[in-house]
Amino acid sequence: MKSQHFLNILLGVYIFIFFTYLFGPLIIMSITSFNSLEFPSITPWECFSWRWFNEGKIAYDGQHLAGLASDWRLRDGLIKSLIIGLGVVLLSVPIGMAAAIVLTQVHSRLRTIFYSVSIMPVLFPGVIIGISTVVLWDRIATIGGEGFIADLGRNGIFLTILGQTCFISTYCFLIFVARLQRFDQTQEEAALDLGASQTQVFFKILIPYLMPAIASSAVIAFLASFENYNTTVFSILSEQTLTTVIASKVRLGISPAISALALVIIAITLIAAIIYEVLRRREDKKKKEKQNLLLYEETKDSRLKKEEKRSFRIPKSIYLILFLLIVGIFGFNQIVKNGLYGSECVAAAESEKKSKFSDQLKLLQKNAEAVDEKSLEGGELGGNKDYGDIFGDTNLFKDFGGFDTKED
Amino acid sequence: MNYFFNKNGPLISTYFLIAIVFWLIFLIIIPQLYMLDLSFRPNLPPLLRGGPDDVHTLEHYKYFIFGSATSEDPYNYVDLGVFFNTFLTAIFVTILNLCFCYPIAFFMAKVATPKTSRLLIVSLIIPFWINELLRSFALRIIFAGEGVINNILLGTGLIDTGINFIAADIALYTGLTYAYILLMIFPLYNAIESLDTNQLEAAKDLGSSTFRTHWRIVIPHAKAGIASGCTMVFMLTAGALATPVVLSSPNTYWFTQLIYQWFNMNDNWSRGSAYSILLLTISVIFVLLMMRIFKVKIGEIIR
């Protein structure tokens with residue numbers, strides 16, 4: 001018995017570690033978005049600021065690191081992601097529904113083949129779906145000549161919708177299959193016997209029954225489309241969606257604006273999850289009350305009559321929220337006390353860095369003069385060796401949205 | 001066919017037929033077949049396509065094994081290395097994931113109260129609604145040269161110089177393990193949950209040790225879930241692109257990155273297709289292998 005107890009403790013510790021592993025990185029990333037430093041980090045902590053959510057900053061050496069609100073690339077990408085997501089939902093939900101309904105109507109061998117082909121796209125790596133869509137449509141566009149088809153075949157948004165629909169339809173298909181397994185086919189037969197046409201049966205019986213599946217598959221399809229990268233990166237061609245913009249930024253990995261973006265997404269997710277959970281619980285409760293009432297009315301057994309408790313019960317989660325609030329206020333108070341918040345702190349840090357930078361610049365100029373003499377003697381040409389010459393290559397930051405290089 | 005039309009009525013039948021043909025033929029089968037065909041063709045400029053030079057060839061597959069004709073090595077060590085490295089790492093990550101997730105899945109299915117396990121499920125799902133790229137970015141902040149772990153280790157004096165986690169590929173492996181944990185937990189959880197708790201109690205009453213109970217009862221019962229989880233994780237890991245882009249070191253390539261390079265940087269679409277076919281082949285072989293080992297049908301793997 002004792003060993004069992006010990007095992008349970010071990011399991012508890014393990015679960016704690018597991019969830020730390022799951023959430024730790026996200027929490028740390030969220031915190032870094034409030035650090036005014038231009039590199040996403042916790043230590044060294046410069047100032048607490050909202051700058052990465054707003055306008056970003058103009059660095060001491062003149063670079064403009066865009067914040068969330070001022071980044072036009074992210075905004076354009078977001079709009080395209082929304083368009084693609086909508087297109088995918090409009091295509092994949094009807095496709096998944098049709099395939100799932102037909103699956104209930106075919107039998108034996110054909111059913112197995114049909115099912116296997118339908119779920120294949122989930123097993124394909126995303127990159128392959130993207131590539132195959134692009135190569136096929138490029139060929140179609142070439143054959144189609146100069147007209148509408150050529151434009152369509154080389155339109156990144158159109159190709160992305162097709163590529164994503166290929167495998168997202170399978171997700172929808174599986175949701176519909178699960179729902180249809182519990183469908184009572186006698187309903188259909190009854191309607192037909194009572195003189196309904198097949199079309200009426202479809203719209204009056206099947207569709208209402210499938211409504212929850214339609215809703216959940218639409219949500220899943222949209223989310224899957226919205227966060228897809230592997231397929232999109234190939235099929236989007238010259239356009240940019242939110243994920244490809246994020247990818248090109250993350251590859252350089254130097255802007256806390258990405259942390260800010262992640263925090264916004266995390267917040268939206270959390271709120272959505274909480275709303276969903278609350279709604280689900282309310283529904284469960286309603287169902288239970290209804291059941292109790294029904295039971296009581298049938299049996300008239302007074303023991304079954306539950307006194308409806310209308311007293312307001314404080315949910316346990318309120319303690320957690322209160323705790324977080326207190327810790328937050330206390331921490332924030334500390335930050336303000338130590339002068340780590342507000343524009344003064346940022347300004348102080350900036351001026352300090354500026355003076356450092358100008359010192360360095362002077363040093364570099366001195367070095368450069370020395371190098372110039374050397375290069376006259378045929379030695380190697382000097383660059384800013386202190387910076388590893390990273391500013392020398394103008395192409396390096398071409399794809400990086402951080403600097404404001406809006407063309408229009 | 002007549003039966004089909006009678007059953008659904010003309011309007012709905014037409015909708016069904018169009019939707020299914022469009023999906024299965026135009027979105028799934030034709031693109032894959034065309035890519036397969038393209039992988040056997042030389043890389044030609046658009047004008048020469050369909051001309052006399054556009055013949056079937058094994059050029060790209062030969063290149064994958066033997067390398068370019070001008071190189072000194074007898075085999076294409078770089079690409080082969082990347083290929084096998086990707087394959088082995090994916091297997092390693094899959095096994096790691098299985099070991100990590102099994103206790104959690106068991107806890108949620110059998111030990112915890114329904115309310116607790118409900119809470120755990122919700123908190124498991126939340127991180128996976130966040131983009132894979134951003135999750136990898138979070139790990140990058142932690143593993144970076146001046147990242148959190150290095151600062152902690154340096155600050156406590158455990159090490160003197162910072163460890164380069166990204167160059168050592170530790171960041172990459174962690175990221176890949178992190179990325180698809182959910183897809184391992186859910187099949188396992190579903191499989192274990194369907195096990196009758198009485199069986200566990202009976203085993204305990206008969207004096208079986210915890211380990212033996214798991215080995216003889218829980219794992220055999222959950223084998224469909226294990227096969228399903230392993231397949232999904234392997235497929236996604238082997239085909240991952242987002243995580244390697246963010247976390248791999250400059251001198252380690254993931255096979256998908258190689259494909260990306262041939263495709264987008266070198267504009268050699270047919271070689272990119274050939275490499276994609278290789279990736280697809282290894283994936284299919286893995287699925288068949290899992291179906292064979294665990295004796296499950298393909299329908300049981302994906303649910």
# chains A, B, ... in the order shown; residues from 1 in each chain; ligands from 1
$ select_by_dssp --residues "range 68-241 of chain B" --states "helix (DSSP H, G or I)" --output "mmCIF file with C-alpha atoms, in the first residue's frame"
data_model
loop_
_atom_site.group_PDB
_atom_site.id
_atom_site.type_symbol
_atom_site.label_atom_id
_atom_site.label_comp_id
_atom_site.auth_asym_id
_atom_site.auth_seq_id
_atom_site.Cartn_x
_atom_site.Cartn_y
_atom_site.Cartn_z
ATOM 1 C CA TYR B 77 26.651 11.712 -48.352
ATOM 2 C CA VAL B 78 25.051 15.051 -47.575
ATOM 3 C CA ASP B 79 21.542 14.288 -48.794
ATOM 4 C CA LEU B 80 21.578 10.672 -47.667
ATOM 5 C CA GLY B 81 22.793 11.840 -44.282
ATOM 6 C CA VAL B 82 19.996 14.357 -43.965
ATOM 7 C CA PHE B 83 17.475 11.744 -45.045
ATOM 8 C CA PHE B 84 18.536 9.129 -42.504
ATOM 9 C CA ASN B 85 19.071 11.719 -39.820
ATOM 10 C CA THR B 86 15.516 12.943 -40.308
ATOM 11 C CA PHE B 87 14.181 9.415 -40.292
ATOM 12 C CA LEU B 88 16.041 8.314 -37.163
ATOM 13 C CA THR B 89 15.343 11.525 -35.298
ATOM 14 C CA ALA B 90 11.659 11.219 -36.094
ATOM 15 C CA ILE B 91 11.634 7.697 -34.682
ATOM 16 C CA PHE B 92 13.546 8.844 -31.627
ATOM 17 C CA VAL B 93 11.141 11.729 -31.060
ATOM 18 C CA THR B 94 8.181 9.388 -31.466
ATOM 19 C CA ILE B 95 9.476 6.974 -28.834
ATOM 20 C CA LEU B 96 10.302 9.849 -26.497
ATOM 21 C CA ASN B 97 6.807 11.217 -26.939
ATOM 22 C CA LEU B 98 5.252 7.848 -26.211
ATOM 23 C CA CYS B 99 7.214 7.528 -22.971
ATOM 24 C CA PHE B 100 6.326 11.069 -21.900
ATOM 25 C CA CYS B 101 2.668 10.803 -22.712
ATOM 26 C CA TYR B 102 1.793 7.343 -21.461
ATOM 27 C CA PRO B 103 1.759 8.252 -17.732
ATOM 28 C CA ILE B 104 -0.248 11.403 -18.391
ATOM 29 C CA ALA B 105 -2.779 9.584 -20.538
ATOM 30 C CA PHE B 106 -3.128 6.851 -17.938
ATOM 31 C CA PHE B 107 -3.547 9.395 -15.170
ATOM 32 C CA MET B 108 -6.246 11.268 -17.065
ATOM 33 C CA ALA B 109 -8.098 8.129 -18.061
ATOM 34 C CA LYS B 110 -7.993 6.054 -14.898
ATOM 35 C CA VAL B 111 -6.624 7.862 -11.838
ATOM 36 C CA PRO B 114 -13.694 13.244 -14.346
ATOM 37 C CA LYS B 115 -13.578 16.874 -13.352
ATOM 38 C CA THR B 116 -9.804 16.926 -13.016
ATOM 39 C CA SER B 117 -9.263 15.098 -16.251
ATOM 40 C CA ARG B 118 -11.625 17.476 -18.006
ATOM 41 C CA LEU B 119 -9.551 20.384 -16.724
ATOM 42 C CA LEU B 120 -6.328 18.684 -17.804
ATOM 43 C CA ILE B 121 -7.687 18.097 -21.298
ATOM 44 C CA VAL B 122 -8.652 21.725 -21.706
ATOM 45 C CA SER B 123 -5.261 22.883 -20.483
ATOM 46 C CA LEU B 124 -3.587 20.443 -22.857
ATOM 47 C CA ILE B 125 -5.504 21.790 -25.810
ATOM 48 C CA ILE B 126 -4.847 25.470 -25.151
ATOM 49 C CA PRO B 127 -1.129 25.444 -26.075
ATOM 50 C CA PHE B 128 -1.933 23.642 -29.280
ATOM 51 C CA TRP B 129 -4.225 26.328 -30.546
ATOM 52 C CA GLU B 132 3.516 25.938 -34.191
ATOM 53 C CA LEU B 133 5.899 28.684 -35.253
ATOM 54 C CA LEU B 134 5.179 30.732 -32.160
ATOM 55 C CA ARG B 135 5.613 27.720 -29.900
ATOM 56 C CA SER B 136 8.983 27.097 -31.484
ATOM 57 C CA PHE B 137 9.820 30.748 -31.060
ATOM 58 C CA ALA B 138 9.049 30.442 -27.354
ATOM 59 C CA LEU B 139 11.555 27.610 -27.109
ATOM 60 C CA ARG B 140 14.048 29.624 -29.061
ATOM 61 C CA ILE B 141 13.875 32.408 -26.487
ATOM 62 C CA ILE B 142 14.657 29.849 -23.811
ATOM 63 C CA PHE B 143 17.459 28.082 -25.626
ATOM 64 C CA VAL B 148 16.776 31.951 -20.127
ATOM 65 C CA ILE B 149 18.474 28.604 -19.478
ATOM 66 C CA ASN B 150 21.944 29.876 -20.227
ATOM 67 C CA ASN B 151 21.413 32.915 -18.026
ATOM 68 C CA ILE B 152 20.191 30.761 -15.162
ATOM 69 C CA LEU B 153 23.079 28.331 -15.462
ATOM 70 C CA LEU B 154 25.613 31.121 -15.772
ATOM 71 C CA GLY B 155 23.993 33.070 -12.963
ATOM 72 C CA THR B 156 24.119 30.146 -10.540
ATOM 73 C CA ILE B 170 18.972 20.025 -28.315
ATOM 74 C CA ALA B 171 16.610 22.870 -29.097
ATOM 75 C CA LEU B 172 15.440 21.127 -32.258
ATOM 76 C CA TYR B 173 14.715 17.815 -30.536
ATOM 77 C CA THR B 174 12.915 19.532 -27.680
ATOM 78 C CA GLY B 175 10.893 21.577 -30.113
ATOM 79 C CA LEU B 176 9.859 18.561 -32.152
ATOM 80 C CA THR B 177 8.872 16.657 -29.039
ATOM 81 C CA TYR B 178 6.969 19.668 -27.793
ATOM 82 C CA ALA B 179 5.159 20.283 -31.054
ATOM 83 C CA ILE B 181 2.535 15.939 -27.828
ATOM 84 C CA LEU B 182 -1.202 16.419 -28.071
ATOM 85 C CA LEU B 183 -1.482 14.012 -30.993
ATOM 86 C CA MET B 184 0.133 11.331 -28.888
ATOM 87 C CA ILE B 185 -1.888 11.932 -25.736
ATOM 88 C CA PHE B 186 -5.365 11.869 -27.235
ATOM 89 C CA PRO B 187 -5.295 8.496 -28.983
ATOM 90 C CA LEU B 188 -3.644 6.997 -25.894
ATOM 91 C CA TYR B 189 -6.211 8.578 -23.614
ATOM 92 C CA ASN B 190 -9.132 7.362 -25.691
ATOM 93 C CA ALA B 191 -7.740 3.849 -25.840
ATOM 94 C CA ILE B 192 -6.973 3.575 -22.129
ATOM 95 C CA GLU B 193 -10.276 5.115 -21.138
ATOM 96 C CA THR B 197 -11.417 -0.450 -14.536
ATOM 97 C CA ASN B 198 -12.507 -3.755 -13.008
ATOM 98 C CA GLN B 199 -9.733 -5.462 -14.914
ATOM 99 C CA LEU B 200 -7.159 -3.272 -13.231
ATOM 100 C CA GLU B 201 -8.622 -3.993 -9.819
ATOM 101 C CA ALA B 202 -8.762 -7.687 -10.518
ATOM 102 C CA ALA B 203 -5.119 -7.682 -11.502
ATOM 103 C CA LYS B 204 -4.230 -5.829 -8.340
ATOM 104 C CA ASP B 205 -6.246 -8.208 -6.166
ATOM 105 C CA THR B 210 2.056 -2.148 -11.120
ATOM 106 C CA PHE B 211 4.535 -2.710 -13.911
ATOM 107 C CA ARG B 212 3.117 -6.104 -14.766
ATOM 108 C CA THR B 213 -0.433 -4.761 -14.826
ATOM 109 C CA HIS B 214 0.554 -2.150 -17.343
ATOM 110 C CA TRP B 215 2.585 -4.536 -19.455
ATOM 111 C CA ARG B 216 0.020 -7.305 -19.582
ATOM 112 C CA ILE B 217 -3.297 -5.450 -19.437
ATOM 113 C CA VAL B 218 -3.181 -1.744 -20.207
ATOM 114 C CA ILE B 219 -0.694 -1.764 -23.062
ATOM 115 C CA PRO B 220 -2.242 -4.664 -24.993
ATOM 116 C CA HIS B 221 -5.613 -3.010 -24.621
ATOM 117 C CA LYS B 223 -2.306 -0.912 -28.730
ATOM 118 C CA ALA B 224 -4.577 0.698 -31.328
ATOM 119 C CA GLY B 225 -4.125 4.002 -29.548
ATOM 120 C CA ILE B 226 -0.374 3.523 -29.361
ATOM 121 C CA ALA B 227 -0.181 2.700 -33.059
ATOM 122 C CA SER B 228 -2.331 5.673 -33.916
ATOM 123 C CA GLY B 229 -0.384 8.120 -31.760
ATOM 124 C CA CYS B 230 2.979 6.874 -32.979
ATOM 125 C CA THR B 231 1.933 7.081 -36.614
ATOM 126 C CA MET B 232 0.615 10.609 -36.336
ATOM 127 C CA VAL B 233 3.635 11.850 -34.415
ATOM 128 C CA PHE B 234 6.089 10.197 -36.780
ATOM 129 C CA MET B 235 4.365 11.550 -39.873
ATOM 130 C CA LEU B 236 4.175 15.054 -38.530
ATOM 131 C CA THR B 237 7.735 15.022 -37.213
ATOM 132 C CA ALA B 238 9.225 13.663 -40.418
#
$ residues_around --residues "range 211-219 of chain A" --least-positions-apart "5" --cutoff "9 Å" --atoms "only C-alpha atoms" --output "list in words"
Val89, Leu90, Ser92, Val93, Pro94, Gly96, Met97, Tyr171, Cys172, Phe173, Ile175, Phe176, Ala178, Arg179, Leu206 and Ala224 of chain A
$ residues_around --residues "Tyr34 in chain B" --least-positions-apart "5" --cutoff "12 Å" --atoms "only C-alpha atoms" --output "list in words"
Ile128, Ile129, Ile131, Ser132, Thr133, Val134, Val135, Leu136, Trp137, Asp138, Arg139 and Ile140 of chain A; Ile25, Phe26, Leu27, Ile28, Ile29, Ser39, Phe40, Arg41, Ser270, Ser273, Ala274 and Ile277 of chain B
$ write_last_selection --atoms "N, CA and C atoms" --output "PDB file, in the first residue's frame"
ATOM      1  N   ILE A 128       4.141  18.036 -48.996  1.00  0.00           N
ATOM      2  CA  ILE A 128       3.882  17.312 -50.241  1.00  0.00           C
ATOM      3  C   ILE A 128       2.575  17.766 -50.862  1.00  0.00           C
ATOM      4  N   ILE A 129       1.578  18.005 -50.025  1.00  0.00           N
ATOM      5  CA  ILE A 129       0.307  18.497 -50.561  1.00  0.00           C
ATOM      6  C   ILE A 129       0.503  19.859 -51.215  1.00  0.00           C
ATOM      7  N   ILE A 131       3.304  21.108 -52.508  1.00  0.00           N
ATOM      8  CA  ILE A 131       4.090  20.995 -53.738  1.00  0.00           C
ATOM      9  C   ILE A 131       3.246  20.431 -54.863  1.00  0.00           C
ATOM     10  N   SER A 132       2.493  19.362 -54.580  1.00  0.00           N
ATOM     11  CA  SER A 132       1.749  18.730 -55.668  1.00  0.00           C
ATOM     12  C   SER A 132       0.704  19.683 -56.226  1.00  0.00           C
ATOM     13  N   THR A 133       0.083  20.482 -55.349  1.00  0.00           N
ATOM     14  CA  THR A 133      -0.884  21.459 -55.854  1.00  0.00           C
ATOM     15  C   THR A 133      -0.207  22.469 -56.776  1.00  0.00           C
ATOM     16  N   VAL A 134       0.950  22.951 -56.338  1.00  0.00           N
ATOM     17  CA  VAL A 134       1.620  23.973 -57.140  1.00  0.00           C
ATOM     18  C   VAL A 134       2.054  23.428 -58.492  1.00  0.00           C
ATOM     19  N   VAL A 135       2.692  22.240 -58.510  1.00  0.00           N
ATOM     20  CA  VAL A 135       3.198  21.753 -59.796  1.00  0.00           C
ATOM     21  C   VAL A 135       2.045  21.452 -60.755  1.00  0.00           C
ATOM     22  N   LEU A 136       0.966  20.896 -60.234  1.00  0.00           N
ATOM     23  CA  LEU A 136      -0.161  20.590 -61.110  1.00  0.00           C
ATOM     24  C   LEU A 136      -0.741  21.864 -61.714  1.00  0.00           C
ATOM     25  N   TRP A 137      -0.973  22.865 -60.865  1.00  0.00           N
ATOM     26  CA  TRP A 137      -1.619  24.073 -61.364  1.00  0.00           C
ATOM     27  C   TRP A 137      -0.704  24.905 -62.221  1.00  0.00           C
ATOM     28  N   ASP A 138       0.589  24.795 -61.990  1.00  0.00           N
ATOM     29  CA  ASP A 138       1.514  25.489 -62.882  1.00  0.00           C
ATOM     30  C   ASP A 138       1.395  24.902 -64.277  1.00  0.00           C
ATOM     31  N   ARG A 139       1.303  23.570 -64.349  1.00  0.00           N
ATOM     32  CA  ARG A 139       1.136  22.881 -65.626  1.00  0.00           C
ATOM     33  C   ARG A 139      -0.177  23.303 -66.292  1.00  0.00           C
ATOM     34  N   ILE A 140      -1.258  23.315 -65.479  1.00  0.00           N
ATOM     35  CA  ILE A 140      -2.556  23.719 -66.030  1.00  0.00           C
ATOM     36  C   ILE A 140      -2.490  25.142 -66.562  1.00  0.00           C
TER      37      ILE A 140
ATOM     38  N   ILE B  25     -10.659  13.202 -56.808  1.00  0.00           N
ATOM     39  CA  ILE B  25      -9.906  13.151 -58.065  1.00  0.00           C
ATOM     40  C   ILE B  25      -9.012  14.379 -58.219  1.00  0.00           C
ATOM     41  N   PHE B  26      -9.607  15.579 -58.085  1.00  0.00           N
ATOM     42  CA  PHE B  26      -8.840  16.775 -58.416  1.00  0.00           C
ATOM     43  C   PHE B  26      -7.927  17.253 -57.301  1.00  0.00           C
ATOM     44  N   LEU B  27      -8.303  16.997 -56.079  1.00  0.00           N
ATOM     45  CA  LEU B  27      -7.454  17.493 -54.993  1.00  0.00           C
ATOM     46  C   LEU B  27      -6.505  16.426 -54.462  1.00  0.00           C
ATOM     47  N   ILE B  28      -6.906  15.178 -54.472  1.00  0.00           N
ATOM     48  CA  ILE B  28      -6.043  14.160 -53.865  1.00  0.00           C
ATOM     49  C   ILE B  28      -5.263  13.381 -54.920  1.00  0.00           C
ATOM     50  N   ILE B  29      -5.959  12.751 -55.866  1.00  0.00           N
ATOM     51  CA  ILE B  29      -5.273  11.775 -56.713  1.00  0.00           C
ATOM     52  C   ILE B  29      -4.451  12.430 -57.822  1.00  0.00           C
ATOM     53  N   SER B  39       8.550  13.890 -61.047  1.00  0.00           N
ATOM     54  CA  SER B  39       9.795  13.508 -60.390  1.00  0.00           C
ATOM     55  C   SER B  39      10.666  12.651 -61.300  1.00  0.00           C
ATOM     56  N   PHE B  40      10.084  12.074 -62.348  1.00  0.00           N
ATOM     57  CA  PHE B  40      10.868  11.265 -63.284  1.00  0.00           C
ATOM     58  C   PHE B  40      11.261  12.048 -64.530  1.00  0.00           C
ATOM     59  N   ARG B  41      11.030  13.362 -64.507  1.00  0.00           N
ATOM     60  CA  ARG B  41      11.362  14.149 -65.689  1.00  0.00           C
ATOM     61  C   ARG B  41      12.513  15.090 -65.390  1.00  0.00           C
ATOM     62  N   SER B 270      11.369  19.535 -60.385  1.00  0.00           N
ATOM     63  CA  SER B 270      11.270  18.086 -60.526  1.00  0.00           C
ATOM     64  C   SER B 270      12.133  17.379 -59.487  1.00  0.00           C
ATOM     65  N   SER B 273      10.217  17.491 -56.370  1.00  0.00           N
ATOM     66  CA  SER B 273       9.169  16.469 -56.407  1.00  0.00           C
ATOM     67  C   SER B 273       9.738  15.095 -56.087  1.00  0.00           C
ATOM     68  N   ALA B 274      10.907  14.800 -56.661  1.00  0.00           N
ATOM     69  CA  ALA B 274      11.509  13.495 -56.416  1.00  0.00           C
ATOM     70  C   ALA B 274      11.786  13.318 -54.929  1.00  0.00           C
ATOM     71  N   ILE B 277       8.651  12.658 -53.117  1.00  0.00           N
ATOM     72  CA  ILE B 277       8.220  11.264 -53.265  1.00  0.00           C
ATOM     73  C   ILE B 277       8.984  10.371 -52.285  1.00  0.00           C
TER      74      ILE B 277
END
$ residues_around --residues "range 77-80 of chain A" --least-positions-apart "6" --cutoff "9 Å" --atoms "only C-alpha atoms" --output "ChimeraX atom specification"
/A:157,239-245
$ write_last_selection --atoms "N, CA and C atoms" --output "PDB file, in the first residue's frame"
ATOM      1  N   ILE A 157      -3.296  32.698 -53.411  1.00  0.00           N
ATOM      2  CA  ILE A 157      -4.419  32.520 -52.490  1.00  0.00           C
ATOM      3  C   ILE A 157      -5.303  31.366 -52.949  1.00  0.00           C
ATOM      4  N   GLU A 239       2.683  35.572 -52.499  1.00  0.00           N
ATOM      5  CA  GLU A 239       1.901  36.291 -51.494  1.00  0.00           C
ATOM      6  C   GLU A 239       2.427  35.972 -50.090  1.00  0.00           C
ATOM      7  N   GLN A 240       1.786  36.562 -49.087  1.00  0.00           N
ATOM      8  CA  GLN A 240       2.173  36.301 -47.700  1.00  0.00           C
ATOM      9  C   GLN A 240       0.933  36.129 -46.852  1.00  0.00           C
ATOM     10  N   THR A 241       0.906  35.073 -46.042  1.00  0.00           N
ATOM     11  CA  THR A 241      -0.158  34.986 -45.048  1.00  0.00           C
ATOM     12  C   THR A 241       0.446  35.291 -43.691  1.00  0.00           C
ATOM     13  N   LEU A 242      -0.401  35.302 -42.688  1.00  0.00           N
ATOM     14  CA  LEU A 242       0.097  35.613 -41.348  1.00  0.00           C
ATOM     15  C   LEU A 242       1.213  34.652 -40.946  1.00  0.00           C
ATOM     16  N   THR A 243       1.024  33.364 -41.206  1.00  0.00           N
ATOM     17  CA  THR A 243       2.043  32.397 -40.764  1.00  0.00           C
ATOM     18  C   THR A 243       3.355  32.578 -41.518  1.00  0.00           C
ATOM     19  N   THR A 244       3.285  32.853 -42.815  1.00  0.00           N
ATOM     20  CA  THR A 244       4.558  33.006 -43.525  1.00  0.00           C
ATOM     21  C   THR A 244       5.263  34.296 -43.106  1.00  0.00           C
ATOM     22  N   VAL A 245       4.486  35.328 -42.783  1.00  0.00           N
ATOM     23  CA  VAL A 245       5.115  36.550 -42.259  1.00  0.00           C
ATOM     24  C   VAL A 245       5.801  36.239 -40.936  1.00  0.00           C
TER      25      VAL A 245
END
$ residues_around --residues "Trp23 in chain B" --least-positions-apart "3" --cutoff "12 Å" --atoms "only C-alpha atoms" --output "PyMOL selection string"
(chain A and resi 91-99+114+117-121+162-170+173) or (chain B and resi 16-20+26-31)
$ write_last_selection --atoms "C-alpha atoms" --output "mmCIF file, in the first residue's frame"
data_model
loop_
_atom_site.group_PDB
_atom_site.id
_atom_site.type_symbol
_atom_site.label_atom_id
_atom_site.label_comp_id
_atom_site.auth_asym_id
_atom_site.auth_seq_id
_atom_site.Cartn_x
_atom_site.Cartn_y
_atom_site.Cartn_z
ATOM 1 C CA LEU A 91 -15.161 24.345 -49.608
ATOM 2 C CA SER A 92 -14.178 21.735 -47.072
ATOM 3 C CA VAL A 93 -17.333 21.604 -44.942
ATOM 4 C CA PRO A 94 -19.647 20.728 -47.881
ATOM 5 C CA ILE A 95 -17.080 18.290 -49.237
ATOM 6 C CA GLY A 96 -16.611 16.555 -45.910
ATOM 7 C CA MET A 97 -20.360 16.367 -45.388
ATOM 8 C CA ALA A 98 -21.038 14.921 -48.856
ATOM 9 C CA ALA A 99 -18.306 12.325 -48.489
ATOM 10 C CA PHE A 114 -13.469 5.085 -50.438
ATOM 11 C CA VAL A 117 -8.623 7.327 -50.055
ATOM 12 C CA SER A 118 -10.541 9.897 -48.028
ATOM 13 C CA ILE A 119 -8.287 9.704 -45.016
ATOM 14 C CA MET A 120 -5.059 9.534 -47.023
ATOM 15 C CA PRO A 121 -4.446 13.318 -47.030
ATOM 16 C CA LEU A 162 -7.144 24.233 -52.787
ATOM 17 C CA GLY A 163 -4.128 22.728 -51.050
ATOM 18 C CA GLN A 164 -5.527 23.239 -47.578
ATOM 19 C CA THR A 165 -8.969 22.005 -48.601
ATOM 20 C CA CYS A 166 -7.364 18.745 -49.686
ATOM 21 C CA PHE A 167 -6.526 17.668 -46.141
ATOM 22 C CA ILE A 168 -8.871 19.856 -44.068
ATOM 23 C CA SER A 169 -11.799 18.168 -45.832
ATOM 24 C CA THR A 170 -10.637 14.967 -44.197
ATOM 25 C CA PHE A 173 -15.191 14.187 -43.066
ATOM 26 C CA PHE B 16 -22.654 14.799 -53.676
ATOM 27 C CA LEU B 17 -21.100 13.671 -56.917
ATOM 28 C CA ILE B 18 -19.513 17.013 -57.730
ATOM 29 C CA ALA B 19 -18.133 17.450 -54.223
ATOM 30 C CA ILE B 20 -16.659 13.971 -54.005
ATOM 31 C CA PHE B 26 -8.840 16.775 -58.416
ATOM 32 C CA LEU B 27 -7.454 17.493 -54.993
ATOM 33 C CA ILE B 28 -6.043 14.160 -53.865
ATOM 34 C CA ILE B 29 -5.273 11.775 -56.713
ATOM 35 C CA ILE B 30 -4.323 13.863 -59.746
ATOM 36 C CA PRO B 31 -1.881 16.226 -57.976
#
$ closest_residue --among "A:Ile143, A:Leu86, A:Val177, A:Ile27" --to "Ser225 in chain A" --atoms "only C-alpha atoms"
A:Leu86
$ closest_atom_pairs --of "range 10-44 of chain B" --to "range 189-198 of chain A" --cutoff "12 Å" --atoms "only C-alpha atoms" --output "JSON lines"
{"residue": "B:Pro10", "atom": "CA", "partner": "A:Gln198", "partner_atom": "CA", "distance": 8.6}
{"residue": "B:Leu11", "atom": "CA", "partner": "A:Gln198", "partner_atom": "CA", "distance": 9.0}
{"residue": "B:Ile12", "atom": "CA", "partner": "A:Gln198", "partner_atom": "CA", "distance": 8.2}
{"residue": "B:Ser13", "atom": "CA", "partner": "A:Gln198", "partner_atom": "CA", "distance": 9.8}
$ write_last_selection --atoms "N, CA and C atoms" --output "PDB file, in the first residue's frame"
ATOM      1  N   PRO B  10     -32.413  14.071 -57.355  1.00  0.00           N
ATOM      2  CA  PRO B  10     -31.460  14.551 -58.362  1.00  0.00           C
ATOM      3  C   PRO B  10     -30.574  15.688 -57.858  1.00  0.00           C
ATOM      4  N   LEU B  11     -31.152  16.629 -57.150  1.00  0.00           N
ATOM      5  CA  LEU B  11     -30.401  17.821 -56.750  1.00  0.00           C
ATOM      6  C   LEU B  11     -29.257  17.439 -55.819  1.00  0.00           C
ATOM      7  N   ILE B  12     -29.613  16.707 -54.768  1.00  0.00           N
ATOM      8  CA  ILE B  12     -28.623  16.373 -53.756  1.00  0.00           C
ATOM      9  C   ILE B  12     -27.585  15.412 -54.337  1.00  0.00           C
ATOM     10  N   SER B  13     -28.013  14.487 -55.194  1.00  0.00           N
ATOM     11  CA  SER B  13     -27.067  13.543 -55.788  1.00  0.00           C
ATOM     12  C   SER B  13     -26.003  14.284 -56.579  1.00  0.00           C
TER      13      SER B  13
END
